[in-house]
Amino acid sequence: MKVQRALISVSDKTGLAEFARGLFALGIEIISTGGTAKLLAEAGIKAIEISEYTGFPEMLQGRVKTLHPKVHGGLLYRRGVKTHEQAIVEHGIKPIDLVVVNLYPFRETIQKPGVTLEEAIENIDIGGPSMLRSAAKNHESVTVIVDPDDYAPVLEEVKTSGNTSIETRRRLAEKVFETTARYDSMISLYLRGENKHEPKPSKDGMPEKFEIAVTKAMDLRYGENPHQKAAMYGDFFRFYDQLSGKELSYNNILDVTAAAELIGEFGEPTVAILKHNNPCGVGLAEKIADAWEKALATDRQAPFGGIIIVNRPLDLELAEKISEIFSEVIVAPHFQEDALALLKKKKNLRLLKQKLPTVHSNAELEFRYCVGGILVQDRDSGMISPKDWKVVTKRAPTDQEAIALWFGWRVVKHVKSNAIVYASNDRTLGIGAGQMSRVDSAKISAWKAKEADLSLEGSVIASDAFFPFADGVIAAIKAGATAVVQPGGSVRDQEVIDACNKFNVAMVFTHRRHFRH
């Protein structure tokens, strides 16, 4: 059967006139609504208004216009089924073979500053999803388009054979149900926030169920490795503008995320260099170029091919320093014009301008794959500040040591476990990450400092979790550390405290762990 009649009702009118003109040229009757009908008329394309087609006026400020048996009967009736054929003849219903609908811009509406609940509710589409679902359910006979990218291939098929193939109709129906499911989830999540309640919690405080509504932002060349397909979903580009360089990779995006979360801990002018989600150097100073020198001094080898993030405008002096090494991505809240011009000379270097702070609330959830499902947890947001720390040794940290401990504690939270960070009051001196033994992390971070020709005399160490034995602390003390910050909580805490007291080393417990697996 050939396509004889099309119903078109869209909010996003991209490419519509050209598509509708192609249908009209093929002799296909077009039914349309409201603003869509007006656009078609202005383009010289004849269309029948929906109220004329149904014999029933639009009402309730347009809330009721396509919810009519002549619309849904024309979509849902099964061609070739005798009782269906008799019913549509009896009620004067004509078949509708092609539906083109996209939905009210609910997502765009709720992202506008100051949007009211009333405005959001008025942008909940009712007729659109209903028509889409009716057409998609009957895709054996009806072609349904929800995405303007499908206009050209559908028009080409109809030109060639008079209709689309069942394979095309099935693919388009699948896209419809994905779209309506995502749309409904978005509305549910928005209303949940407006109603100031979470899903009914279980006894452990986590939701019994949840919905995730995200749209593909971009396809990626591949995932962590070239044999893995990948794509990015969500609002990444609401936070960042890419100013230059190659397309972001899967690993780049992971590293940028880790970098943003780390830099978010610091209000002072700070530079952080990361590699494989781990910081390999962090420094702060009044002058951002000086902060770079401190961060780079921690490890001059690891930053090759890494991610650099700053929380102050990136000026020419810093750009000249950064350009001396190969980097994958540079992130800054602003690039001064001369700095941007210099860095853009490296055609592959990805430059990201951070438009919004990536601050997470404790209410946000984090998801990870596990066998047979997903793991869900609260994000590790927030930080226990020094005023809530407990001094557990005979000696309390000096003022200088306290500043250094606070610096190191903010960094170690973002290092993969087991994590040890040697620090002074304004820079990292050695970082040990991802070891199976905490003492190994302590030794590796001391070795890295030695490789960088940095003295650890008078330094402090931060540990993301408790020391199970005294050996890790003793290794740090032997390397020159004079103060320690750690969560505490080991059955051997007293043994560790005793080791610190023996060497007159100060130690504080935070009573909060920061594992990163």
# chains A, B, ... in the order shown; residues from 1 in each chain; ligands from 1
>>> residues_around(residues="segment 39-50 of chain A", least_positions_apart="3", cutoff="12 Å", atoms="only C-alpha atoms", output="number ranges by chain")
A: 5-25, 27-36, 53-59, 62, 64-68, 70-71
>>> select_by_dssp(residues="segment 2-247 of chain A", states="helix (DSSP H, G or I)", output="number ranges by chain")
A: 16-25, 34-42, 50-54, 69-76, 82-90, 106-110, 117-122, 127-137, 148-161, 166-194, 236-239
>>> residues_around(residues="Lys321 of chain A", least_positions_apart="6", cutoff="9 Å", atoms="only C-alpha atoms", output="ChimeraX atom specification")
/A:289,292-293
>>> write_last_selection(atoms="all heavy atoms", output="short mmCIF file (atom, residue, chain, number, x, y, z; two decimals), in the first residue's frame")
data_model
loop_
_atom_site.label_atom_id
_atom_site.label_comp_id
_atom_site.auth_asym_id
_atom_site.auth_seq_id
_atom_site.Cartn_x
_atom_site.Cartn_y
_atom_site.Cartn_z
N ALA A 289 50.34 31.26 37.18
CA ALA A 289 51.52 30.67 36.54
C ALA A 289 52.45 30.04 37.58
O ALA A 289 53.10 29.03 37.31
CB ALA A 289 52.27 31.72 35.72
N TRP A 292 51.11 26.70 38.57
CA TRP A 292 51.47 25.69 37.56
C TRP A 292 52.86 25.11 37.87
O TRP A 292 53.05 23.89 37.82
CB TRP A 292 51.46 26.30 36.17
CG TRP A 292 52.25 25.52 35.15
CD1 TRP A 292 53.49 25.82 34.67
CD2 TRP A 292 51.86 24.30 34.52
NE1 TRP A 292 53.91 24.87 33.77
CE2 TRP A 292 52.93 23.92 33.65
CE3 TRP A 292 50.75 23.49 34.60
CZ2 TRP A 292 52.87 22.77 32.87
CZ3 TRP A 292 50.69 22.35 33.81
CH2 TRP A 292 51.76 22.00 32.97
N GLU A 293 53.80 25.95 38.19
CA GLU A 293 55.15 25.48 38.47
C GLU A 293 55.16 24.52 39.66
O GLU A 293 55.86 23.50 39.65
CB GLU A 293 56.09 26.66 38.75
CG GLU A 293 56.36 27.56 37.54
CD GLU A 293 57.18 26.86 36.46
OE1 GLU A 293 57.67 25.73 36.70
OE2 GLU A 293 57.34 27.46 35.38
#
>>> residues_around(residues="segment 481-496 of chain A", least_positions_apart="2", cutoff="6 Å", atoms="only C-alpha atoms", output="PyMOL selection string")
chain A and resi 458-463+465-466+468+470+476-477+498-499+505-513
>>> write_last_selection(atoms="N, CA and C atoms", output="PDB file, in the first residue's frame")
ATOM      1  N   GLY A 458      59.746  17.836  56.836  1.00  0.00           N
ATOM      2  CA  GLY A 458      58.736  18.782  57.299  1.00  0.00           C
ATOM      3  C   GLY A 458      57.428  18.714  56.530  1.00  0.00           C
ATOM      4  N   SER A 459      57.284  17.708  55.671  1.00  0.00           N
ATOM      5  CA  SER A 459      56.043  17.567  54.914  1.00  0.00           C
ATOM      6  C   SER A 459      54.961  16.927  55.784  1.00  0.00           C
ATOM      7  N   VAL A 460      53.741  16.850  55.232  1.00  0.00           N
ATOM      8  CA  VAL A 460      52.655  16.121  55.886  1.00  0.00           C
ATOM      9  C   VAL A 460      52.166  15.054  54.922  1.00  0.00           C
ATOM     10  N   ILE A 461      51.462  14.050  55.452  1.00  0.00           N
ATOM     11  CA  ILE A 461      50.853  13.074  54.558  1.00  0.00           C
ATOM     12  C   ILE A 461      49.354  12.980  54.840  1.00  0.00           C
ATOM     13  N   ALA A 462      48.620  12.692  53.759  1.00  0.00           N
ATOM     14  CA  ALA A 462      47.179  12.456  53.849  1.00  0.00           C
ATOM     15  C   ALA A 462      46.903  11.065  53.314  1.00  0.00           C
ATOM     16  N   SER A 463      46.039  10.336  54.007  1.00  0.00           N
ATOM     17  CA  SER A 463      45.667   8.984  53.605  1.00  0.00           C
ATOM     18  C   SER A 463      44.149   8.929  53.445  1.00  0.00           C
ATOM     19  N   ALA A 465      42.154   6.444  53.592  1.00  0.00           N
ATOM     20  CA  ALA A 465      41.518   5.512  54.535  1.00  0.00           C
ATOM     21  C   ALA A 465      42.496   5.233  55.670  1.00  0.00           C
ATOM     22  N   PHE A 466      42.048   4.470  56.662  1.00  0.00           N
ATOM     23  CA  PHE A 466      42.898   4.244  57.828  1.00  0.00           C
ATOM     24  C   PHE A 466      44.125   3.401  57.496  1.00  0.00           C
ATOM     25  N   PRO A 468      46.053   0.245  58.291  1.00  0.00           N
ATOM     26  CA  PRO A 468      45.769  -1.023  58.980  1.00  0.00           C
ATOM     27  C   PRO A 468      46.903  -1.453  59.907  1.00  0.00           C
ATOM     28  N   ALA A 470      51.020   0.063  61.469  1.00  0.00           N
ATOM     29  CA  ALA A 470      51.851   1.248  61.670  1.00  0.00           C
ATOM     30  C   ALA A 470      52.908   1.411  60.589  1.00  0.00           C
ATOM     31  N   ALA A 476      56.371   6.885  56.147  1.00  0.00           N
ATOM     32  CA  ALA A 476      56.229   8.314  55.880  1.00  0.00           C
ATOM     33  C   ALA A 476      57.092   9.145  56.823  1.00  0.00           C
ATOM     34  N   ILE A 477      57.143   8.744  58.078  1.00  0.00           N
ATOM     35  CA  ILE A 477      57.962   9.471  59.062  1.00  0.00           C
ATOM     36  C   ILE A 477      59.438   9.395  58.680  1.00  0.00           C
ATOM     37  N   ASP A 498      50.637   5.376  68.623  1.00  0.00           N
ATOM     38  CA  ASP A 498      51.866   5.197  69.412  1.00  0.00           C
ATOM     39  C   ASP A 498      53.111   5.449  68.563  1.00  0.00           C
ATOM     40  N   ALA A 499      53.083   4.974  67.303  1.00  0.00           N
ATOM     41  CA  ALA A 499      54.224   5.183  66.411  1.00  0.00           C
ATOM     42  C   ALA A 499      54.448   6.671  66.171  1.00  0.00           C
ATOM     43  N   VAL A 505      55.318  13.025  66.108  1.00  0.00           N
ATOM     44  CA  VAL A 505      54.561  13.381  64.898  1.00  0.00           C
ATOM     45  C   VAL A 505      53.105  13.625  65.286  1.00  0.00           C
ATOM     46  N   ALA A 506      52.519  14.691  64.744  1.00  0.00           N
ATOM     47  CA  ALA A 506      51.117  15.005  65.018  1.00  0.00           C
ATOM     48  C   ALA A 506      50.214  14.206  64.077  1.00  0.00           C
ATOM     49  N   MET A 507      49.066  13.791  64.598  1.00  0.00           N
ATOM     50  CA  MET A 507      48.112  13.084  63.742  1.00  0.00           C
ATOM     51  C   MET A 507      46.687  13.479  64.108  1.00  0.00           C
ATOM     52  N   VAL A 508      45.849  13.663  63.057  1.00  0.00           N
ATOM     53  CA  VAL A 508      44.429  13.970  63.259  1.00  0.00           C
ATOM     54  C   VAL A 508      43.582  12.931  62.544  1.00  0.00           C
ATOM     55  N   PHE A 509      42.421  12.642  63.131  1.00  0.00           N
ATOM     56  CA  PHE A 509      41.439  11.760  62.514  1.00  0.00           C
ATOM     57  C   PHE A 509      40.286  12.614  61.976  1.00  0.00           C
ATOM     58  N   THR A 510      39.838  12.302  60.789  1.00  0.00           N
ATOM     59  CA  THR A 510      38.695  13.012  60.190  1.00  0.00           C
ATOM     60  C   THR A 510      37.388  12.252  60.393  1.00  0.00           C
ATOM     61  N   HIS A 511      37.509  10.939  60.628  1.00  0.00           N
ATOM     62  CA  HIS A 511      36.339  10.062  60.772  1.00  0.00           C
ATOM     63  C   HIS A 511      35.475  10.027  59.510  1.00  0.00           C
ATOM     64  N   ARG A 512      36.081  10.305  58.368  1.00  0.00           N
ATOM     65  CA  ARG A 512      35.401  10.097  57.077  1.00  0.00           C
ATOM     66  C   ARG A 512      36.401   9.543  56.072  1.00  0.00           C
ATOM     67  N   ARG A 513      36.038   8.432  55.450  1.00  0.00           N
ATOM     68  CA  ARG A 513      36.903   7.775  54.468  1.00  0.00           C
ATOM     69  C   ARG A 513      36.554   8.267  53.065  1.00  0.00           C
TER      70      ARG A 513
END
>>> atom_distance(atom1="atom CA of Met218 of chain A", atom2="atom CA of Arg171 of chain A")
19.9 Å
>>> residues_around(residues="segment 118-134 of chain A", least_positions_apart="2", cutoff="10 Å", atoms="only C-alpha atoms", output="ChimeraX atom specification")
/A:7,9-11,62-68,71-77,99-112,115-116,136-139,142-146,173,176-177,179-181,183-184,187,190-191
>>> closest_residue(among="A:Lys478, A:Lys347, A:Lys355, A:Lys275", to="Val331 of chain A", atoms="only C-alpha atoms")
A:Lys355
>>> closest_residue(among="A:Ser417, A:Asn425, A:Asn348, A:Gln435", to="Ile403 of chain A", atoms="only C-alpha atoms")
A:Asn425
>>> residues_around(residues="Lys216 of chain A", least_positions_apart="4", cutoff="10 Å", atoms="only C-alpha atoms", output="list in words")
Ala231, Met232, Tyr233, Gly234 and Asp235 of chain A
>>> atom_distance(atom1="atom CA of His517 of chain A", atom2="atom CA of Leu296 of chain A")
25.2 Å
>>> closest_residue(among="A:Asp299, A:Glu328, A:Lys387, A:Leu349", to="Ser445 of chain A", atoms="only C-alpha atoms")
A:Asp299
>>> residues_around(residues="Val412 of chain A", least_positions_apart="5", cutoff="9 Å", atoms="only C-alpha atoms", output="ChimeraX atom specification")
/A:279,407,419-421,431,462-464,514
>>> select_by_dssp(residues="segment 57-152 of chain A", states="strand (DSSP E)", output="count of residues only")
7
>>> closest_residue(among="A:Thr393, A:Ile384, A:Asn278, A:Val473", to="Arg516 of chain A", atoms="only C-alpha atoms")
A:Asn278
>>> decode(residues="segment 175-190 of chain A", atoms="all heavy atoms", output="PDB file, in the first residue's frame")
ATOM      1  N   LYS A 175      12.420   4.014  17.871  1.00  0.00           N
ATOM      2  CA  LYS A 175      12.881   5.344  18.253  1.00  0.00           C
ATOM      3  C   LYS A 175      11.779   6.122  18.969  1.00  0.00           C
ATOM      4  O   LYS A 175      12.035   6.876  19.915  1.00  0.00           O
ATOM      5  CB  LYS A 175      13.364   6.108  17.017  1.00  0.00           C
ATOM      6  CG  LYS A 175      13.957   7.466  17.324  1.00  0.00           C
ATOM      7  CD  LYS A 175      14.464   8.179  16.079  1.00  0.00           C
ATOM      8  CE  LYS A 175      15.747   7.594  15.555  1.00  0.00           C
ATOM      9  NZ  LYS A 175      16.347   8.459  14.488  1.00  0.00           N
ATOM     10  N   VAL A 176      10.534   5.918  18.532  1.00  0.00           N
ATOM     11  CA  VAL A 176       9.404   6.601  19.163  1.00  0.00           C
ATOM     12  C   VAL A 176       9.269   6.191  20.625  1.00  0.00           C
ATOM     13  O   VAL A 176       9.145   7.043  21.519  1.00  0.00           O
ATOM     14  CB  VAL A 176       8.092   6.279  18.407  1.00  0.00           C
ATOM     15  CG1 VAL A 176       6.875   6.598  19.276  1.00  0.00           C
ATOM     16  CG2 VAL A 176       8.021   7.079  17.120  1.00  0.00           C
ATOM     17  N   PHE A 177       9.282   4.898  20.901  1.00  0.00           N
ATOM     18  CA  PHE A 177       9.091   4.457  22.281  1.00  0.00           C
ATOM     19  C   PHE A 177      10.267   4.856  23.176  1.00  0.00           C
ATOM     20  O   PHE A 177      10.080   5.142  24.363  1.00  0.00           O
ATOM     21  CB  PHE A 177       8.824   2.951  22.324  1.00  0.00           C
ATOM     22  CG  PHE A 177       7.448   2.586  21.836  1.00  0.00           C
ATOM     23  CD1 PHE A 177       7.276   1.826  20.694  1.00  0.00           C
ATOM     24  CD2 PHE A 177       6.328   3.025  22.515  1.00  0.00           C
ATOM     25  CE1 PHE A 177       6.007   1.505  20.241  1.00  0.00           C
ATOM     26  CE2 PHE A 177       5.046   2.702  22.071  1.00  0.00           C
ATOM     27  CZ  PHE A 177       4.882   1.947  20.932  1.00  0.00           C
ATOM     28  N   GLU A 178      11.457   4.903  22.606  1.00  0.00           N
ATOM     29  CA  GLU A 178      12.591   5.424  23.369  1.00  0.00           C
ATOM     30  C   GLU A 178      12.358   6.893  23.726  1.00  0.00           C
ATOM     31  O   GLU A 178      12.624   7.334  24.850  1.00  0.00           O
ATOM     32  CB  GLU A 178      13.881   5.299  22.549  1.00  0.00           C
ATOM     33  CG  GLU A 178      14.404   3.879  22.402  1.00  0.00           C
ATOM     34  CD  GLU A 178      15.610   3.815  21.483  1.00  0.00           C
ATOM     35  OE1 GLU A 178      15.919   4.833  20.830  1.00  0.00           O
ATOM     36  OE2 GLU A 178      16.239   2.748  21.412  1.00  0.00           O
ATOM     37  N   THR A 179      11.841   7.645  22.757  1.00  0.00           N
ATOM     38  CA  THR A 179      11.621   9.083  22.955  1.00  0.00           C
ATOM     39  C   THR A 179      10.539   9.352  23.984  1.00  0.00           C
ATOM     40  O   THR A 179      10.705  10.185  24.884  1.00  0.00           O
ATOM     41  CB  THR A 179      11.241   9.745  21.615  1.00  0.00           C
ATOM     42  OG1 THR A 179      12.313   9.555  20.679  1.00  0.00           O
ATOM     43  CG2 THR A 179      10.977  11.234  21.795  1.00  0.00           C
ATOM     44  N   THR A 180       9.409   8.658  23.874  1.00  0.00           N
ATOM     45  CA  THR A 180       8.321   8.916  24.815  1.00  0.00           C
ATOM     46  C   THR A 180       8.675   8.448  26.222  1.00  0.00           C
ATOM     47  O   THR A 180       8.274   9.081  27.215  1.00  0.00           O
ATOM     48  CB  THR A 180       7.021   8.248  24.343  1.00  0.00           C
ATOM     49  OG1 THR A 180       7.223   6.840  24.166  1.00  0.00           O
ATOM     50  CG2 THR A 180       6.549   8.857  23.030  1.00  0.00           C
ATOM     51  N   ALA A 181       9.425   7.347  26.329  1.00  0.00           N
ATOM     52  CA  ALA A 181       9.853   6.887  27.659  1.00  0.00           C
ATOM     53  C   ALA A 181      10.768   7.918  28.303  1.00  0.00           C
ATOM     54  O   ALA A 181      10.636   8.239  29.494  1.00  0.00           O
ATOM     55  CB  ALA A 181      10.565   5.541  27.537  1.00  0.00           C
ATOM     56  N   ARG A 182      11.690   8.461  27.522  1.00  0.00           N
ATOM     57  CA  ARG A 182      12.622   9.466  28.041  1.00  0.00           C
ATOM     58  C   ARG A 182      11.861  10.740  28.433  1.00  0.00           C
ATOM     59  O   ARG A 182      12.147  11.368  29.459  1.00  0.00           O
ATOM     60  CB  ARG A 182      13.676   9.758  26.982  1.00  0.00           C
ATOM     61  CG  ARG A 182      14.796  10.672  27.428  1.00  0.00           C
ATOM     62  CD  ARG A 182      15.942  10.653  26.432  1.00  0.00           C
ATOM     63  NE  ARG A 182      15.538  11.121  25.123  1.00  0.00           N
ATOM     64  CZ  ARG A 182      15.544  10.382  24.025  1.00  0.00           C
ATOM     65  NH1 ARG A 182      15.925   9.129  24.055  1.00  0.00           N
ATOM     66  NH2 ARG A 182      15.169  10.885  22.856  1.00  0.00           N
ATOM     67  N   TYR A 183      10.898  11.110  27.621  1.00  0.00           N
ATOM     68  CA  TYR A 183      10.099  12.315  27.856  1.00  0.00           C
ATOM     69  C   TYR A 183       9.313  12.192  29.166  1.00  0.00           C
ATOM     70  O   TYR A 183       9.328  13.091  30.014  1.00  0.00           O
ATOM     71  CB  TYR A 183       9.156  12.503  26.676  1.00  0.00           C
ATOM     72  CG  TYR A 183       8.457  13.845  26.595  1.00  0.00           C
ATOM     73  CD1 TYR A 183       9.123  14.984  26.162  1.00  0.00           C
ATOM     74  CD2 TYR A 183       7.103  13.964  26.911  1.00  0.00           C
ATOM     75  CE1 TYR A 183       8.479  16.209  26.055  1.00  0.00           C
ATOM     76  CE2 TYR A 183       6.447  15.182  26.812  1.00  0.00           C
ATOM     77  CZ  TYR A 183       7.143  16.300  26.377  1.00  0.00           C
ATOM     78  OH  TYR A 183       6.505  17.515  26.279  1.00  0.00           O
ATOM     79  N   ASP A 184       8.665  11.046  29.360  1.00  0.00           N
ATOM     80  CA  ASP A 184       7.888  10.841  30.575  1.00  0.00           C
ATOM     81  C   ASP A 184       8.782  10.795  31.815  1.00  0.00           C
ATOM     82  O   ASP A 184       8.419  11.306  32.883  1.00  0.00           O
ATOM     83  CB  ASP A 184       7.080   9.546  30.478  1.00  0.00           C
ATOM     84  CG  ASP A 184       5.904   9.663  29.514  1.00  0.00           C
ATOM     85  OD1 ASP A 184       5.513  10.801  29.200  1.00  0.00           O
ATOM     86  OD2 ASP A 184       5.385   8.627  29.063  1.00  0.00           O
ATOM     87  N   SER A 185       9.947  10.188  31.680  1.00  0.00           N
ATOM     88  CA  SER A 185      10.879  10.131  32.806  1.00  0.00           C
ATOM     89  C   SER A 185      11.348  11.525  33.197  1.00  0.00           C
ATOM     90  O   SER A 185      11.473  11.847  34.382  1.00  0.00           O
ATOM     91  CB  SER A 185      12.090   9.259  32.447  1.00  0.00           C
ATOM     92  OG  SER A 185      11.722   7.917  32.316  1.00  0.00           O
ATOM     93  N   MET A 186      11.594  12.360  32.196  1.00  0.00           N
ATOM     94  CA  MET A 186      12.033  13.727  32.456  1.00  0.00           C
ATOM     95  C   MET A 186      10.965  14.497  33.242  1.00  0.00           C
ATOM     96  O   MET A 186      11.265  15.219  34.194  1.00  0.00           O
ATOM     97  CB  MET A 186      12.306  14.409  31.117  1.00  0.00           C
ATOM     98  CG  MET A 186      13.088  15.686  31.181  1.00  0.00           C
ATOM     99  SD  MET A 186      13.185  16.483  29.557  1.00  0.00           S
ATOM    100  CE  MET A 186      13.432  15.090  28.471  1.00  0.00           C
ATOM    101  N   ILE A 187       9.714  14.311  32.861  1.00  0.00           N
ATOM    102  CA  ILE A 187       8.614  14.985  33.555  1.00  0.00           C
ATOM    103  C   ILE A 187       8.509  14.473  34.986  1.00  0.00           C
ATOM    104  O   ILE A 187       8.354  15.246  35.942  1.00  0.00           O
ATOM    105  CB  ILE A 187       7.295  14.762  32.798  1.00  0.00           C
ATOM    106  CG1 ILE A 187       7.352  15.439  31.423  1.00  0.00           C
ATOM    107  CG2 ILE A 187       6.107  15.302  33.598  1.00  0.00           C
ATOM    108  CD1 ILE A 187       6.238  15.041  30.486  1.00  0.00           C
ATOM    109  N   SER A 188       8.599  13.159  35.150  1.00  0.00           N
ATOM    110  CA  SER A 188       8.521  12.559  36.482  1.00  0.00           C
ATOM    111  C   SER A 188       9.606  13.097  37.396  1.00  0.00           C
ATOM    112  O   SER A 188       9.351  13.478  38.544  1.00  0.00           O
ATOM    113  CB  SER A 188       8.631  11.030  36.361  1.00  0.00           C
ATOM    114  OG  SER A 188       8.785  10.430  37.613  1.00  0.00           O
ATOM    115  N   LEU A 189      10.838  13.160  36.895  1.00  0.00           N
ATOM    116  CA  LEU A 189      11.952  13.646  37.706  1.00  0.00           C
ATOM    117  C   LEU A 189      11.773  15.117  38.070  1.00  0.00           C
ATOM    118  O   LEU A 189      12.075  15.537  39.192  1.00  0.00           O
ATOM    119  CB  LEU A 189      13.270  13.438  36.946  1.00  0.00           C
ATOM    120  CG  LEU A 189      13.722  11.989  36.790  1.00  0.00           C
ATOM    121  CD1 LEU A 189      14.891  11.905  35.813  1.00  0.00           C
ATOM    122  CD2 LEU A 189      14.120  11.393  38.127  1.00  0.00           C
ATOM    123  N   TYR A 190      11.276  15.911  37.115  1.00  0.00           N
ATOM    124  CA  TYR A 190      11.059  17.335  37.387  1.00  0.00           C
ATOM    125  C   TYR A 190       9.997  17.524  38.462  1.00  0.00           C
ATOM    126  O   TYR A 190      10.183  18.284  39.424  1.00  0.00           O
ATOM    127  CB  TYR A 190      10.639  18.055  36.109  1.00  0.00           C
ATOM    128  CG  TYR A 190      10.241  19.503  36.358  1.00  0.00           C
ATOM    129  CD1 TYR A 190      11.197  20.480  36.566  1.00  0.00           C
ATOM    130  CD2 TYR A 190       8.895  19.864  36.418  1.00  0.00           C
ATOM    131  CE1 TYR A 190      10.833  21.789  36.826  1.00  0.00           C
ATOM    132  CE2 TYR A 190       8.521  21.172  36.679  1.00  0.00           C
ATOM    133  CZ  TYR A 190       9.499  22.140  36.873  1.00  0.00           C
ATOM    134  OH  TYR A 190       9.128  23.434  37.141  1.00  0.00           O
TER     135      TYR A 190
END
